[in-house]
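Data first, discussion second: the structure below is written as structure tokens.
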Amino acid sequence: MKIFDARQLAPSAQESLRRRVIAAIQGGMSKAEASRVFQVSREAIYQWERRVKEGGEKNLRARKRGPKGGLQLEPWEAAQTVRAIRGRCPDQLKLSFALWTREAVGELIRRRFGLRLSVWTVGRYLRRWGFTPQKPLRRALEQDPEAVRRWLEEEYPRIKRQAKREQAEIHWGDEMGLRSDHQAGRSYGLRGVTPVIPGTGQRFGCNLISTITNRGKLRFMVFSGEFNAEVFLKFLGRLLKSVRRKVFLIVDRHPAHVARKVERWMKKWERRVRMFFLPGYSPKLNPDEYLNNDVKSNAVGRLRPEDKEELEENVRAYLRSTQKRPDVVRNFFQAKPVRYAA
């Protein structure tokens with residue numbers, strides 16, 4: 001016999017069901033028959049009958065769902081908990097957790113206010129406070145929050161105003177390595193049977209340097225070998241040939257970007273190009289990082305090149321198609337961390 005899950009009913013409907021079952025039993029129906037007729041378990045019937053014996057039929061009334069007595073935290077206790085979660089990580093509060101889980105929040109509440117709450121109650125509190133489970137972003141310990149603030153509030157607005165005065169294009173640049181064994185995406189398969197994707201056992205790779213603008217322009221160069229000052233200067237020469245206006249190039253402080261050879265070259269071409277540096281350990285401030293992620297996922301991670309030449313051609317073909325879609329490039333500036341540059 002299929003047992004109906006009465007928990008799906010509204011509280012008032014659950015109360016009505018309980019009363020009808022008890023009335024039937026009091027009228028002479030056996031518990032086995034009542035279980036079959038009303039499609040409820042015998043355990044539930046025994047529980048309802050025990051309630052009636054202990055306190056009468058009032059114990060069959062619908063109860064408010066959730067913890068007994070409603071919320072167990074005082075408003076000021078809830079406010080302190082929310083501030084602690086938003087402002088710090090658990091280990092900063094000497095808790096033995098790396099992430100804010102329901103268990104971690106429950107332990108925080110126990111230590112501060114002496115209340116022991118179940119993980120389900122803590123979960124209801126978190127939903128009420130507007131918290132949802134999310135994959136956290138990684139931030140380097142060496143990152144200087146004050147330098148990031150100055151960049152967002154002072155330095156970049158100044159660069160933007162200067163570029164407008166000099167009619168220059170702001171290009172955001174970055175470089176990355178690509179590996180043939182990088183995998184992205186999911187594939188459907190039978191439950192319990194992991195799909196197998198054939199591919200070469202050889203490992204090979206290539207490198208990419210690129211710049212993008214918030215107007216949808218993309219420039220790139222695929223190359224092999226180490227990224228150094230010579231490679232960077234080769235790309236800069238190509239960049240200036242493809243752009244008629246003055247270029248304001250924003251990059252990180254990679255050793256190739258700050259090499260003396262590059263510094264001398266910049267002085268020679270200062271009428272055509274200027275270089276500015278992002279705060280240290282702050283890749284999330286660079287919109288070009290989102291192009292990198294896109295290329296890794298779609299030009300490499302979802303394909304299976306057989307050799308290095310095919311890998312490089314896949315990357316070039318994907319970037320050429322992206323160059324023809326300025327709307328796609330502009331969308332890289334819509335992510336929240338880089339929306340300031342849109």
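Residues in the structure tokens are numbered from 1 in each chain, the chains being A, B, ... in the order shown, and ligands are numbered from 1 in the order shown.
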
Based on the backbone DSSP call, show me all residues of segment 2-247 of chain A assigned alpha helix (DSSP H), as a PyMOL selection string. chain A and resi 11-26+31-38+42-55+75-87+102-113+119-128+145-150+156-166+229-242

Please, which residues in segment 152-183 of chain A fall within 12 Å of segment 230-234 of chain A when counting only C-alpha atoms, and what is the closest atom pair and distance in Å to one decimal for each, ordered by chain then residue number, as a Markdown table?
```
| residue | atom | partner | partner_atom | distance |
| --- | --- | --- | --- | --- |
| A:Gly173 | CA | A:Phe232 | CA | 10.7 |
| A:Asp174 | CA | A:Phe232 | CA | 10.4 |
| A:Glu175 | CA | A:Phe232 | CA | 9.6 |
```

How about saving the chosen residues, C-alpha atoms kept, as a PDB file, in the first residue's frame?
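Final file, again15.pdb:
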```
ATOM      1  CA  GLY A 173      45.690  43.637 -21.236  1.00  0.00           C
ATOM      2  CA  ASP A 174      46.641  40.256 -19.837  1.00  0.00           C
ATOM      3  CA  GLU A 175      48.379  37.026 -20.796  1.00  0.00           C
TER       4      GLU A 175
END
```

Using only C-alpha atoms, what does the table of segment 21-110 of chain A residues within 8 Å of segment 122-129 of chain A look like, with each row giving the shortest atom pair and its distance in Å to one decimal, sorted by chain and ascending number, as a tab-separated table?
```
residue	atom	partner	partner_atom	distance
A:Val82	CA	A:Trp129	CA	7.5
A:Arg102	CA	A:Val122	CA	5.9
A:Val105	CA	A:Val122	CA	7.1
A:Gly106	CA	A:Val122	CA	6.2
```

Just the number, please: distance in Å from atom CA of Glu309 of chain A to atom CA of His171 of chain A, one decimal. 28.4 Å

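Backbone DSSP over segment 86-178 of chain A yields strand (DSSP E or B) at A:Ala168, A:Glu169, A:Ile170, A:His171, A:Trp172, A:Gly173, A:Asp174, A:Glu175, A:Met176, A:Gly177, A:Leu178.
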
Would you save the residues from that selection as an mmCIF file, in the first residue's frame, using N, CA and C atoms?
```
data_model
loop_
_atom_site.group_PDB
_atom_site.id
_atom_site.type_symbol
_atom_site.label_atom_id
_atom_site.label_comp_id
_atom_site.auth_asym_id
_atom_site.auth_seq_id
_atom_site.Cartn_x
_atom_site.Cartn_y
_atom_site.Cartn_z
ATOM 1 N N ALA A 168 42.267 59.101 -26.303
ATOM 2 C CA ALA A 168 42.962 57.809 -26.297
ATOM 3 C C ALA A 168 41.984 56.670 -26.023
ATOM 4 N N GLU A 169 42.324 55.469 -26.488
ATOM 5 C CA GLU A 169 41.562 54.256 -26.209
ATOM 6 C C GLU A 169 42.161 53.555 -24.986
ATOM 7 N N ILE A 170 41.317 53.141 -24.071
ATOM 8 C CA ILE A 170 41.778 52.389 -22.904
ATOM 9 C C ILE A 170 41.702 50.903 -23.224
ATOM 10 N N HIS A 171 42.850 50.254 -23.232
ATOM 11 C CA HIS A 171 42.931 48.814 -23.469
ATOM 12 C C HIS A 171 43.328 48.114 -22.167
ATOM 13 N N TRP A 172 42.633 47.030 -21.864
ATOM 14 C CA TRP A 172 42.946 46.211 -20.700
ATOM 15 C C TRP A 172 43.660 44.963 -21.196
ATOM 16 N N GLY A 173 44.885 44.732 -20.719
ATOM 17 C CA GLY A 173 45.690 43.637 -21.236
ATOM 18 C C GLY A 173 46.009 42.568 -20.204
ATOM 19 N N ASP A 174 46.235 41.365 -20.704
ATOM 20 C CA ASP A 174 46.641 40.256 -19.837
ATOM 21 C C ASP A 174 47.181 39.131 -20.711
ATOM 22 N N GLU A 175 47.861 38.183 -20.078
ATOM 23 C CA GLU A 175 48.379 37.026 -20.796
ATOM 24 C C GLU A 175 48.123 35.779 -19.961
ATOM 25 N N MET A 176 48.084 34.638 -20.636
ATOM 26 C CA MET A 176 47.840 33.383 -19.915
ATOM 27 C C MET A 176 48.390 32.215 -20.718
ATOM 28 N N GLY A 177 48.597 31.088 -20.031
ATOM 29 C CA GLY A 177 49.003 29.857 -20.662
ATOM 30 C C GLY A 177 47.804 28.940 -20.857
ATOM 31 N N LEU A 178 47.808 28.171 -21.934
ATOM 32 C CA LEU A 178 46.724 27.243 -22.251
ATOM 33 C C LEU A 178 47.288 25.840 -22.356
#
```

Would you mind listing what lies within 10 Å of Leu73 of chain A as a VMD selection string, with only C-alpha atoms counted and same-chain residues fewer than 2 positions away left out? chain A and resid 70 to 71 75 to 79 81 109 113 115 117 125

Taking 4 positions as the minimum chain separation for residues in the same chain, which residues sit within 10 Å of segment 151-165 of chain A when counting only C-alpha atoms? Answer as a ChimeraX atom specification. /A:145-147,169-170,246-248,250,276-279,285,338,340-341

Restricting the output to N, CA and C atoms, write the selected residues as an mmCIF file, in the first residue's frame.
```
data_model
loop_
_atom_site.group_PDB
_atom_site.id
_atom_site.type_symbol
_atom_site.label_atom_id
_atom_site.label_comp_id
_atom_site.auth_asym_id
_atom_site.auth_seq_id
_atom_site.Cartn_x
_atom_site.Cartn_y
_atom_site.Cartn_z
ATOM 1 N N PRO A 145 43.791 46.268 0.421
ATOM 2 C CA PRO A 145 42.455 46.851 0.226
ATOM 3 C C PRO A 145 42.492 48.359 -0.004
ATOM 4 N N GLU A 146 43.438 49.043 0.631
ATOM 5 C CA GLU A 146 43.527 50.496 0.452
ATOM 6 C C GLU A 146 43.969 50.843 -0.976
ATOM 7 N N ALA A 147 44.886 50.039 -1.530
ATOM 8 C CA ALA A 147 45.313 50.268 -2.914
ATOM 9 C C ALA A 147 44.161 50.021 -3.879
ATOM 10 N N GLU A 169 42.324 55.469 -26.488
ATOM 11 C CA GLU A 169 41.562 54.256 -26.209
ATOM 12 C C GLU A 169 42.161 53.555 -24.986
ATOM 13 N N ILE A 170 41.317 53.141 -24.071
ATOM 14 C CA ILE A 170 41.778 52.389 -22.904
ATOM 15 C C ILE A 170 41.702 50.903 -23.224
ATOM 16 N N LYS A 246 45.701 57.045 -29.811
ATOM 17 C CA LYS A 246 46.642 56.781 -28.727
ATOM 18 C C LYS A 246 46.080 55.694 -27.829
ATOM 19 N N VAL A 247 46.960 54.871 -27.279
ATOM 20 C CA VAL A 247 46.545 53.735 -26.451
ATOM 21 C C VAL A 247 46.948 53.966 -25.003
ATOM 22 N N PHE A 248 45.986 53.831 -24.097
ATOM 23 C CA PHE A 248 46.250 53.754 -22.659
ATOM 24 C C PHE A 248 46.105 52.274 -22.284
ATOM 25 N N ILE A 250 46.321 49.196 -19.684
ATOM 26 C CA ILE A 250 46.264 48.873 -18.256
ATOM 27 C C ILE A 250 46.586 47.396 -18.086
ATOM 28 N N PHE A 276 49.649 51.808 -17.627
ATOM 29 C CA PHE A 276 49.233 51.994 -16.230
ATOM 30 C C PHE A 276 49.116 50.621 -15.581
ATOM 31 N N PHE A 277 49.313 50.576 -14.259
ATOM 32 C CA PHE A 277 49.375 49.298 -13.562
ATOM 33 C C PHE A 277 48.244 49.160 -12.552
ATOM 34 N N LEU A 278 47.625 47.980 -12.569
ATOM 35 C CA LEU A 278 46.590 47.639 -11.598
ATOM 36 C C LEU A 278 47.213 47.440 -10.214
ATOM 37 N N PRO A 279 46.407 47.531 -9.149
ATOM 38 C CA PRO A 279 46.929 47.193 -7.819
ATOM 39 C C PRO A 279 47.415 45.750 -7.779
ATOM 40 N N LEU A 285 39.998 42.804 -10.963
ATOM 41 C CA LEU A 285 39.736 44.163 -11.424
ATOM 42 C C LEU A 285 39.991 44.319 -12.920
ATOM 43 N N VAL A 338 34.145 44.281 -12.426
ATOM 44 C CA VAL A 338 34.772 45.152 -13.426
ATOM 45 C C VAL A 338 33.774 46.101 -14.065
ATOM 46 N N TYR A 340 32.920 48.850 -13.128
ATOM 47 C CA TYR A 340 33.409 50.220 -13.032
ATOM 48 C C TYR A 340 34.102 50.668 -14.315
ATOM 49 N N ALA A 341 34.598 49.715 -15.116
ATOM 50 C CA ALA A 341 35.340 50.032 -16.333
ATOM 51 C C ALA A 341 34.462 50.026 -17.575
#
```

Atomic distance atom CA of Leu249 of chain A - atom CA of Lys336 of chain A, expressed in Å with one decimal: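 About the pair atom CA of Leu249 of chain A and atom CA of Lys336 of chain A: they are 21.3 Å apart.
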
Residue among A:Gly56, A:Asp181, A:Val295, A:Gly280 lying closest to Phe220 of chain A, counting only C-alpha atoms: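 Smallest distance to Phe220 of chain A is found for A:Val295.
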
Residue nearest Gly130 of chain A among A:Arg86, A:Glu312, A:Gln14, A:Arg304 (counting only C-alpha atoms):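 Under the stated criterion, the closest residue is A:Arg86.
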
Please provide as a ChimeraX atom specification all residues within 10 Å of Ala32 of chain A, with the sequence filter that same-chain residues fewer than 6 positions apart are discarded (counting only C-alpha atoms). /A:25,40-42,45
